[in-house]
Each structure stands twice: as structure tokens, then as C-alpha cells.
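Participant: Before we start, here is the structure in question, set down as C-alpha cells.
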Amino acid sequence: MRQAPREKIFNGDFGEGTDGWFAANARVSSVDGKLCADVPGDTHHPYDVVIGQNDIPLQKGRTYTLSFSASASQPVRVKAQVQLSDPPFTAPLSQDVTLGAEQRHTFTFTSDIDTDRGQVAFQIGGNPAAWVFCVDDVSLIGGDPLPPYVPDTGSRVRVNQVGYLPFGPKHATIVTDATDPIPWQVNHDADIAVASGTSTPRGVDTSSGQQVHTVDFSGVTEAGTGYTLSADGETSVPFDVSATAYDRLRSDALHFFYVQRSGIPIHDALAPGYARPAGHVGVAPNMGDTSVPCQPGGGDYRLDVRGGWYDAGDHGKYVVNGGIATYQLFSQFERTRTAPVVHPEALGDGSLRVPERGNGVPDILDEARWEMEFLLRMQVPADRPLAGMAHHKVHDDEWTGLPLAPDQDPRPRQLHPPSTAATLNLAATAAQAARLYEPFDRDFAERCLTAARTAWTAAQAHPAIFADNTDTTGGGPYDDAQVGDEFYWAAAELFITSGEQTYLDALRDSPYWTGETFPPSGFSWKDVAALGRLDLATVPSPLPDADRDAARASVQAAADRYLETARDQAYGMPLSEDEYVWGSNSVLLNKLAVIATAYDLTGDQRYRDGVLEGLDYLFGRNALNLSYVTGYGERHAHNQHSRLYAHQLDPASPTPPAGSVAGGPNTGLEDPRAKRLLLDRTVDPPKPPEPQFCYVDDIQSWSTNEITINWNSAQSWVISFAADQRDG
């Protein structure tokens, strides 16, 4: 619905469920178009239970009117507050309200504070008995109309702000009203012209709504810093031409995983500015992860599930997301054994900032093992129901706020029920681990292979146990009711490692054996058949030659389709307009991994060039003129959603570490912050902007700006490939 221009409340009619509203110590739901909360009894103060909304702008000296309809299942007194959301919680309005049958309440006040961090709060605790609170049509009108959000996009000349390889493609995009070609010039050191030409008009780019031209300056091959591109009266940010453009990022993208580790202290010597105590090792106030009970009704045992990586911006750990992230680190290392153009020393022992360096094991395998050990711990013990299956996830029993250091998390932890998808993720990654660790730790390799076989057998016995898609309290559901692709992937990894006929038979019985394994939008944690196909195409195994050739042909065909998508985009990346979804940058990166593999298999330079040009988008050649990777590019994302890295909310908290990739534009705008800033509410229904503009670098925008291990693993794989192309 249309929103009044001076309205400060988002979703006050609860037409979008409970989006935009938080609850402290109460469970809320949308009931008949209202927000209703089950309020626990035996609370002592009104502020013990709160329903509210943050990020309310207030102007000092301006008049506001708060109105709402509310009811209670029994007569109670509550407080309606308009206040600061942070200490000292100054409240321009604090009003006692008696509730019973539904009634409309209206209060007018003058604000004595200026803030963008105001809060409307209903403090509903302090009653001995449990009761139900319902509220509807909440409105706060006053002050100036909220200005439309206009992102700062800087220069209209968009380039890869990290840089270009000397003998790689070099393209840029210019936002311009010109319809005819326009002259351009590349300068070095500000005033030395090294190349010039005229642009190619591309018309209106449908992913951004901008009229654009493209520029090809691939003829610039001399290494150097401080290059700029000028056209149409504007100049780009400086960029480098360097054979080592991606070398530091190869290290930083992997270092992200060390800083995300659970169950170990993070040391300042290895991660300056990110030191912290070990999280979730059973030390108060933590209530995990050394002895975590099953979710109520899910079992009567506890498991030690310490370790692993925190999945994303929360403290949860998820087997299916951990599975694909671990796979991609394993695959990144395994590529050093199979691809013709590699620099394996960049991933070897002593190459990364990890505590295990110097142990004779490649550092990337040390890092991946930290997660692999956690995945093994999630397997149901042999003496329990569903033995051999893997628990789907472990996380808090309630959502926590930001910021929150892992060692300060006070919530109880729960093991969520096993799922077939999680079990097959364990089978696949453990089988992969078995062959990779065999030269370095035979006992661990054998342990992994045993776990993989056990998981495979358990999944065959329980092929349709799916995660509950409503299990969203305290963590994401990661639900998946189509697991044929997981069976195919697990069978592929087990066959490659063991060479046993039973797994080849399972592959041939799968519809994916001859069916399409590469979705139009690329693979993901939910679509993993491509992982098996990529390994069958690249990793030595007893696979018959004809079958290997077919696997390789399918990789090349998928890469061709993705390149065709890129050719249609004026910004040069293989993303179509309907692929700007949650984690769109990972959609891009996973497609680039397929294209890169096609290059490894064929040596066809158009695949290599497609990968490098696709990366241009990630690093600033986009509608926002923004690098989506923290610390890379003159203009880069640095407020990603995270409890660990919350500098935007608390100056004592760090920003995300260098090399952290943001999720990217998401036309769904699935968080209140993105909706509040980006939806055009002057039309009915409210309308999002063009796809590339559906992003905001704000810590509260988890649907456009979160960080996750599986997005950084995708980035790490592709950046490692790009760094290997230094020699042309």
C-alpha cells in the first residue's frame, strides 16, 4: 500500500507479516493481519519483554503522533515508548497504556532528540501470568518527509577497481545520455595518454535502467599503477595493470575462514584487529558447543559439535552450507593437481595466516579440515536412531542481536534433526577429504572415508528426510526437498576416491547421469549435481573415457551458455535480470567457476577472458560503481551484516575482514532495511528499483549485504584461478 510521506513506521499494518519488527523474550506471529505475541509470565519489569521497530528518524523540536490499535487476552498495563534504541534510551514519549479488548490509542509529543536510531517499542513485560498481546495499524507521523534513498555512485565511468592482468581483457562501462560513440582516453600517472578510441553504444541496460556505452582498452598491456579512463567529461577511479592483481586477494579470501572459526581463539598476530576468545567451547556465558542437546522431540542425547566455521552473520553452523564451502576449498586445492596453469605454492604450507602453518600440510587443507572435523561431529552415533545420518544444523534457540561476540552468546544451542541433504553433504565432502588428506594424514583420511560410506548407507536407508522449512527461529532453515542432486554428487565423490563399482552404478542410475546438472542460475548449496559433474570431468578416476568425455562436454556446454548470457550484458557478467537474488554475487562466482573449468579442460582463451571480465562486475564495473569485496577498490562494501564485524553499530567492533564478499543486489529486498530504503512506496504495490540498484551497504540489510562461508568459498576458488593467469 502507499505510505504517507511523513510516516516513519515500516510495515505498520503488518501487510508483510512481521517484517521490520523485533521481539525480545516473546514469540511473535502474524495473525489475521496483526502482530501477536505470546508474552511469558513471571517477568518483573515492562522492559523484560519488548516488541518494537528500530531505525526511526526523530528531529528535535518537531511534533509527532503515535497511534496504534492493541488488545490483550487479559487486562494488563503496558508502556508505549518512542526512544533511543541505544543507551541512554532517552524517551521523548513514555506512556502507560491499559489494554483489554482492542482499542485505538493516539499520543502526540514533541521530540527532544535528533537521531536516526530511534525506536518505537511496546514494553509488555512485568506481569505474573502469561498472556497474548496483539497490535495493528501502528503509525508514527511527523517531522520531515523521509527523503528518497539515492546511492552515491561516483564517476559515470565504471572500471574494475582492483585492476586488470596485463594480457587479459580490459573493458569498462560508461553511463551516458549520448547515443553516438564518444571518445575515450586511458591515462597513466594522470597526464600521460597511453590509449584512446571511441565507445560502443549499448542502449539501455535492462539490469540497471541506465543508458550505457562500453569501452575495450585491452591493448593497454604495460604493468603500472594509477591508470585512469576518461570519457564524456568524467574520469574513473584509479586502477592497476598488474600480473599480481589478484595475489593478495587469493590469500585474504581464504583468511576470511580463519577469522570465522568457531571453537578456537583468534590471535592478533595472525589477524590484527580481529583477536577474540574462543566462541562456543562451553565457557559461560556460552551454552555450547561441547555438549549440545537435540532439539526438543529430536532425540535424548548430546553431541560435541565444537569447531567449524560460523556460517554467516550469525553464530549458526549448517552442514549443507558448510558442505559446499568445504568442497570449494578442497576443489581449489585439487585444481593445483589437475589444471595446466597453476601456482600451487600459493596454497601450500606456510602460504596462509593459519595457526597450523609449518606442519607439512598445505595451509588450505589445514583450513578446510577445521570445518571437516565439525561436519564429522554432526554425524549421528552408531547407537542412536538414524545412526550415520548427519544433523542438519546447530544454532541458538532464539535470534540474537548485533553486535555479539561469539564468546558472549548466552543462548542455549540445539542440534536440529538429521536430514538426507546434510547426510549426503557429509558423504560427499568426507569422500573428497579421504583422497586429499591421504598423503598427509592417512588415519584422518581413513576416518573420513569410513564416515562417507556410513553416511551414504544411511542416506540410502532414509532417502526422504527433509529439513523443516519453518524451522527459522534462531537460524535459517536451509531446507531442500529435492535431494537427487545430492545423491549424484556423493556417489561421484565416493567413486572418484574408491573406484568401486557400486558408486558408479549409483551414478548411472541417477537421472543426472544423462540429465542437465548445470542450472541456468548456476550451482548452489541447494543444487549440487554440478559439483559431481565438475569432478568427474577433471579429477583422475577409473571413469571410462567415453563417460569422462561426456562429462567434459557438458561442462563446456554450460560454460558456453553462461558466456552467451554475459555477451548480452553491457556490464559484461553472466547474470540475467532474473538472477539478482539473495547472494547474487555467488550466482555470478559459481558460474565463473564453471567457465574457468572449461578453460582448464580446453585451453580456449575465450573462457579465461570470460572469467576475468566477469570479475570486473564484482570489483566496481557495475551500476553502483562499488566493489563488493571489503578492502578491494577505492569504493568498496564495508558494512556487511555480521554479529562479529559490526563496526557500523559499535566503533569498538571491527569491520568485516579484507576479502569478505557481500551477497549483492537482491530484487526480493527480503529485509526491512532494504525495503525501507529502496522500495518506492509512492506506487501501489510498492516497487523495487532496477535489479543492480537493489543493494545497500548497511549492516541491517542481511538480504543484500550479508557475508557467508559459501559465498567466500566461491570467491576464493575463482580468485585463485584468476591469480594463476598472471603469465598470460
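Naming works like this for the C-alpha cells: A, B, ... for the chains as they're shown, residue 1 at the start of each chain, ligands 1 onward in shown order.
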Can you write out as a tab-separated table which residues of region 400-432 of chain A fall within 10 Å of region 350-372 of chain A, alongside each residue's closest atom pair and its distance in Å to one decimal, counting only C-alpha atoms and ordering rows by chain and ascending residue number?
Facilitator:
residue	atom	partner	partner_atom	distance
A:Leu426	CA	A:Met372	CA	8.6
A:Thr429	CA	A:Met372	CA	7.7
A:Ala430	CA	A:Met372	CA	7.4
Participant: Okay, now the selection with N, CA and C atoms, as a PDB file, in the first residue's frame?
Facilitator:
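Full text of out-v2.pdb as output:
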ATOM      1  N   LEU A 426      27.765 -34.599   3.921  1.00  0.00           N
ATOM      2  CA  LEU A 426      28.839 -35.228   4.687  1.00  0.00           C
ATOM      3  C   LEU A 426      29.494 -36.332   3.870  1.00  0.00           C
ATOM      4  N   THR A 429      31.718 -34.634   0.972  1.00  0.00           N
ATOM      5  CA  THR A 429      32.930 -33.927   1.405  1.00  0.00           C
ATOM      6  C   THR A 429      33.904 -34.862   2.107  1.00  0.00           C
ATOM      7  N   ALA A 430      33.384 -35.815   2.876  1.00  0.00           N
ATOM      8  CA  ALA A 430      34.281 -36.757   3.554  1.00  0.00           C
ATOM      9  C   ALA A 430      34.987 -37.659   2.543  1.00  0.00           C
TER      10      ALA A 430
END
Participant: When you look at region 215-217 of chain A with a cut-off of 12 Å (counting only C-alpha atoms), what residues show up, excluding the ones that are within fewer than 2 positions of it in the same chain? I need them as number ranges by chain.
Facilitator: A: 157-159, 164, 166-175, 181-187, 194-202, 212-213, 219-222, 227-231, 241, 570-572, 613, 621
Participant: In Å, rounded to a single decimal, give me how far CA of Leu347 (chain A) is from CA of Asp247 (chain A).
Facilitator: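 Here the two named atoms are 11.0 Å from each other.
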Participant: Can you tell me, as a count of residues only, which residues in region 267-343 of chain A count as alpha helix (DSSP H) by DSSP?
Facilitator: 20
Participant: Using only C-alpha atoms, which residues sit within 8 Å of Thr206 (chain A) once same-chain residues fewer than 2 positions away are excluded, as an NGL selection string?
Facilitator: :A and (204 or 208-210 or 577 or 690)
Participant: Please provide as a tab-separated table (two decimals) with N, CA and C atoms, in the first residue's frame all residues within 9 Å of Gln460 (chain A), with the sequence filter that same-chain residues fewer than 4 positions apart are discarded (counting only C-alpha atoms).
Facilitator:
chain	number	residue	atom	x	y	z
A	420	THR	N	18.41	-35.83	4.99
A	420	THR	CA	19.08	-36.57	3.92
A	420	THR	C	20.09	-35.67	3.21
A	455	ALA	N	27.64	-42.58	5.94
A	455	ALA	CA	26.62	-41.58	5.59
A	455	ALA	C	25.87	-42.00	4.33
A	456	TRP	N	26.58	-42.52	3.34
A	456	TRP	CA	25.94	-42.95	2.10
A	456	TRP	C	24.92	-44.06	2.39
A	487	PHE	N	22.50	-37.01	-3.98
A	487	PHE	CA	22.89	-38.41	-4.19
A	487	PHE	C	23.91	-38.53	-5.33
Participant: Can you pull out every residue within 8 Å of Gln95 (chain A), counting only C-alpha atoms, but drop anything in the same chain fewer than 3 positions away, and send it as number ranges by chain?
Facilitator: A: 79-81
Participant: Write the selection just made, keeping N, CA, C and O atoms, as a compact mmCIF listing (two decimals), in the first residue's frame?
Facilitator:
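New file part_14.txt:
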# COMPACT_ATOMS: atom_id res chain seq x y z
N LYS A 79 3.67 -0.27 28.44
CA LYS A 79 4.23 1.03 28.11
C LYS A 79 4.41 1.15 26.60
O LYS A 79 4.93 0.23 25.96
N ALA A 80 4.00 2.28 26.04
CA ALA A 80 4.30 2.63 24.66
C ALA A 80 5.41 3.66 24.68
O ALA A 80 5.26 4.72 25.30
N GLN A 81 6.53 3.33 24.04
CA GLN A 81 7.71 4.18 24.11
C GLN A 81 8.15 4.62 22.71
O GLN A 81 8.14 3.81 21.77
Participant: Please tabulate, as CSV, the residues of region 422-459 of chain A that come within 10 Å of region 332-343 of chain A, each with its closest pair of atoms and the distance in Å to one decimal, counting only C-alpha atoms and ordering rows by chain, then residue number upward.
Facilitator:
residue,atom,partner,partner_atom,distance
A:Gln432,CA,A:Glu334,CA,9.5
A:Arg435,CA,A:Glu334,CA,9.8
A:Leu436,CA,A:Glu334,CA,7.5
Participant: Mind writing the picked residues with all heavy atoms as a PDB file, in the first residue's frame?
Facilitator:
ATOM      1  N   GLN A 432      35.727 -36.779  -0.534  1.00  0.00           N
ATOM      2  CA  GLN A 432      36.718 -35.892  -1.142  1.00  0.00           C
ATOM      3  C   GLN A 432      37.928 -35.729  -0.215  1.00  0.00           C
ATOM      4  O   GLN A 432      39.085 -35.799  -0.649  1.00  0.00           O
ATOM      5  CB  GLN A 432      36.046 -34.544  -1.416  1.00  0.00           C
ATOM      6  CG  GLN A 432      36.774 -33.618  -2.354  1.00  0.00           C
ATOM      7  CD  GLN A 432      36.013 -32.313  -2.546  1.00  0.00           C
ATOM      8  OE1 GLN A 432      35.100 -31.990  -1.781  1.00  0.00           O
ATOM      9  NE2 GLN A 432      36.383 -31.550  -3.557  1.00  0.00           N
ATOM     10  N   ARG A 435      40.675 -38.651  -0.143  1.00  0.00           N
ATOM     11  CA  ARG A 435      41.737 -38.732  -1.149  1.00  0.00           C
ATOM     12  C   ARG A 435      42.741 -37.583  -1.020  1.00  0.00           C
ATOM     13  O   ARG A 435      43.906 -37.735  -1.371  1.00  0.00           O
ATOM     14  CB  ARG A 435      41.147 -38.785  -2.562  1.00  0.00           C
ATOM     15  CG  ARG A 435      40.365 -37.570  -3.010  1.00  0.00           C
ATOM     16  CD  ARG A 435      39.871 -37.751  -4.454  1.00  0.00           C
ATOM     17  NE  ARG A 435      39.125 -36.598  -4.959  1.00  0.00           N
ATOM     18  CZ  ARG A 435      37.811 -36.501  -4.965  1.00  0.00           C
ATOM     19  NH1 ARG A 435      37.059 -37.489  -4.481  1.00  0.00           N
ATOM     20  NH2 ARG A 435      37.214 -35.416  -5.457  1.00  0.00           N
ATOM     21  N   LEU A 436      42.274 -36.428  -0.502  1.00  0.00           N
ATOM     22  CA  LEU A 436      43.170 -35.279  -0.435  1.00  0.00           C
ATOM     23  C   LEU A 436      44.108 -35.335   0.763  1.00  0.00           C
ATOM     24  O   LEU A 436      45.257 -34.874   0.692  1.00  0.00           O
ATOM     25  CB  LEU A 436      42.355 -33.985  -0.400  1.00  0.00           C
ATOM     26  CG  LEU A 436      41.527 -33.704  -1.657  1.00  0.00           C
ATOM     27  CD1 LEU A 436      40.768 -32.397  -1.510  1.00  0.00           C
ATOM     28  CD2 LEU A 436      42.405 -33.663  -2.900  1.00  0.00           C
TER      29      LEU A 436
END
Participant: So that I can see what lies close to Thr497 (chain A), please list as a PyMOL selection string the residues with an atom at most 8 Å from it, counting only C-alpha atoms and leaving out residues fewer than 3 positions away in the same chain.
Facilitator: chain A and resi 431-432+434-435+493-494+541
Participant: Atoms to include: all heavy atoms. Write the selected residues as an mmCIF file, in the first residue's frame.
Facilitator:
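Resulting contents of out-v5.cif:
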data_model
loop_
_atom_site.group_PDB
_atom_site.id
_atom_site.type_symbol
_atom_site.label_atom_id
_atom_site.label_comp_id
_atom_site.auth_asym_id
_atom_site.auth_seq_id
_atom_site.Cartn_x
_atom_site.Cartn_y
_atom_site.Cartn_z
ATOM 1 N N ALA A 431 34.288 -38.045 1.486
ATOM 2 C CA ALA A 431 34.940 -38.841 0.439
ATOM 3 C C ALA A 431 36.027 -38.031 -0.259
ATOM 4 O O ALA A 431 37.122 -38.541 -0.550
ATOM 5 C CB ALA A 431 33.902 -39.322 -0.570
ATOM 6 N N GLN A 432 35.727 -36.779 -0.534
ATOM 7 C CA GLN A 432 36.718 -35.892 -1.142
ATOM 8 C C GLN A 432 37.928 -35.729 -0.215
ATOM 9 O O GLN A 432 39.085 -35.799 -0.649
ATOM 10 C CB GLN A 432 36.046 -34.544 -1.416
ATOM 11 C CG GLN A 432 36.774 -33.618 -2.354
ATOM 12 C CD GLN A 432 36.013 -32.313 -2.546
ATOM 13 O OE1 GLN A 432 35.100 -31.990 -1.781
ATOM 14 N NE2 GLN A 432 36.383 -31.550 -3.557
ATOM 15 N N ALA A 434 39.012 -37.784 1.971
ATOM 16 C CA ALA A 434 39.774 -39.023 2.097
ATOM 17 C C ALA A 434 40.916 -39.084 1.091
ATOM 18 O O ALA A 434 42.034 -39.517 1.413
ATOM 19 C CB ALA A 434 38.845 -40.225 1.940
ATOM 20 N N ARG A 435 40.675 -38.651 -0.143
ATOM 21 C CA ARG A 435 41.737 -38.732 -1.149
ATOM 22 C C ARG A 435 42.741 -37.583 -1.020
ATOM 23 O O ARG A 435 43.906 -37.735 -1.371
ATOM 24 C CB ARG A 435 41.147 -38.785 -2.562
ATOM 25 C CG ARG A 435 40.365 -37.570 -3.010
ATOM 26 C CD ARG A 435 39.871 -37.751 -4.454
ATOM 27 N NE ARG A 435 39.125 -36.598 -4.959
ATOM 28 C CZ ARG A 435 37.811 -36.501 -4.965
ATOM 29 N NH1 ARG A 435 37.059 -37.489 -4.481
ATOM 30 N NH2 ARG A 435 37.214 -35.416 -5.457
ATOM 31 N N GLU A 493 31.786 -38.413 -5.721
ATOM 32 C CA GLU A 493 32.981 -38.282 -4.884
ATOM 33 C C GLU A 493 33.424 -39.637 -4.342
ATOM 34 O O GLU A 493 34.632 -39.925 -4.276
ATOM 35 C CB GLU A 493 32.718 -37.299 -3.733
ATOM 36 C CG GLU A 493 32.330 -35.892 -4.152
ATOM 37 C CD GLU A 493 33.396 -35.176 -4.963
ATOM 38 O OE1 GLU A 493 34.543 -35.669 -5.049
ATOM 39 O OE2 GLU A 493 33.094 -34.113 -5.534
ATOM 40 N N LEU A 494 32.472 -40.466 -3.946
ATOM 41 C CA LEU A 494 32.828 -41.800 -3.449
ATOM 42 C C LEU A 494 33.446 -42.654 -4.550
ATOM 43 O O LEU A 494 34.400 -43.412 -4.310
ATOM 44 C CB LEU A 494 31.597 -42.474 -2.854
ATOM 45 C CG LEU A 494 31.252 -42.036 -1.429
ATOM 46 C CD1 LEU A 494 29.792 -42.314 -1.104
ATOM 47 C CD2 LEU A 494 32.161 -42.747 -0.420
ATOM 48 N N SER A 541 40.175 -40.695 -12.305
ATOM 49 C CA SER A 541 39.374 -41.771 -11.702
ATOM 50 C C SER A 541 39.261 -42.896 -12.720
ATOM 51 O O SER A 541 39.632 -42.726 -13.889
ATOM 52 C CB SER A 541 37.982 -41.256 -11.325
ATOM 53 O OG SER A 541 37.175 -41.084 -12.487
#
Participant: Name all residues at most 8 Å from Ala37 (chain A) (count only C-alpha atoms; drop same-chain ones fewer than 4 positions away) and give them as a list in words.
Facilitator: Ala26, Arg27, Val28, Ser29, Val132, Phe133 and Cys134 of chain A
Participant: Just give me the gap between CA of Ser155 (chain A) and CA of Val237 (chain A) in Å, one decimal is fine.
Facilitator: 7.5 Å
Participant: Enter the distance from CA of Glu516 (chain A) to CA of Ala529 (chain A), in Å, rounded to one decimal.
Facilitator: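 A separation of 8.7 Å between them.
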Participant: So that each row is one residue of region 569-648 of chain A with an atom at most 10 Å from region 722-728 of chain A, can you give its shortest atom pair and the distance in Å to one decimal, using only C-alpha atoms, rows by chain and rising number, as a tab-separated table?
Facilitator:
residue	atom	partner	partner_atom	distance
A:Ala596	CA	A:Ala722	CA	8.7
A:Gln605	CA	A:Gly728	CA	9.8
A:Arg608	CA	A:Gln725	CA	8.2
A:Asp609	CA	A:Ala722	CA	9.8
A:Val611	CA	A:Ala722	CA	7.7
A:Leu612	CA	A:Ala722	CA	6.7
A:Leu615	CA	A:Ala722	CA	8.9
Participant: For the residues selected in the previous step, produce a file with N, CA, C and O atoms as an mmCIF file, in the first residue's frame.
Facilitator:
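The resulting again.cif:
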data_model
loop_
_atom_site.group_PDB
_atom_site.id
_atom_site.type_symbol
_atom_site.label_atom_id
_atom_site.label_comp_id
_atom_site.auth_asym_id
_atom_site.auth_seq_id
_atom_site.Cartn_x
_atom_site.Cartn_y
_atom_site.Cartn_z
ATOM 1 N N ALA A 596 35.644 -21.182 -15.834
ATOM 2 C CA ALA A 596 37.074 -21.407 -15.589
ATOM 3 C C ALA A 596 37.451 -22.862 -15.808
ATOM 4 O O ALA A 596 38.524 -23.171 -16.357
ATOM 5 N N GLN A 605 40.912 -19.568 -24.916
ATOM 6 C CA GLN A 605 41.102 -18.305 -24.217
ATOM 7 C C GLN A 605 39.804 -17.554 -23.972
ATOM 8 O O GLN A 605 39.718 -16.753 -23.037
ATOM 9 N N ARG A 608 38.816 -18.166 -20.419
ATOM 10 C CA ARG A 608 39.620 -17.399 -19.466
ATOM 11 C C ARG A 608 39.194 -15.937 -19.457
ATOM 12 O O ARG A 608 39.003 -15.322 -18.395
ATOM 13 N N ASP A 609 39.026 -15.363 -20.645
ATOM 14 C CA ASP A 609 38.635 -13.961 -20.728
ATOM 15 C C ASP A 609 37.247 -13.735 -20.139
ATOM 16 O O ASP A 609 36.989 -12.696 -19.525
ATOM 17 N N VAL A 611 35.945 -15.296 -17.603
ATOM 18 C CA VAL A 611 36.083 -15.258 -16.143
ATOM 19 C C VAL A 611 36.611 -13.899 -15.699
ATOM 20 O O VAL A 611 36.071 -13.265 -14.786
ATOM 21 N N LEU A 612 37.667 -13.442 -16.353
ATOM 22 C CA LEU A 612 38.292 -12.188 -15.932
ATOM 23 C C LEU A 612 37.342 -11.007 -16.129
ATOM 24 O O LEU A 612 37.268 -10.109 -15.278
ATOM 25 N N LEU A 615 34.683 -10.912 -13.425
ATOM 26 C CA LEU A 615 35.163 -10.363 -12.156
ATOM 27 C C LEU A 615 35.125 -8.839 -12.142
ATOM 28 O O LEU A 615 35.043 -8.226 -11.069
#
Participant: For Leu140 (chain A), which residue among A:Ile56, A:Val31, A:Thr115, A:Ile9 is the nearest when counting only C-alpha atoms?
Facilitator: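 Among the listed residues, the smallest separation from Leu140 (chain A) belongs to A:Ile9.
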Participant: Report the residues of region 209-409 of chain A whose backbone DSSP state falls under strand (DSSP E or B), written as a PyMOL selection string.
Facilitator: chain A and resi 210-216+224-231+234-235+239-241+261+266+276+287+292-294+302-303+309+317-318+379+390-391+393-396
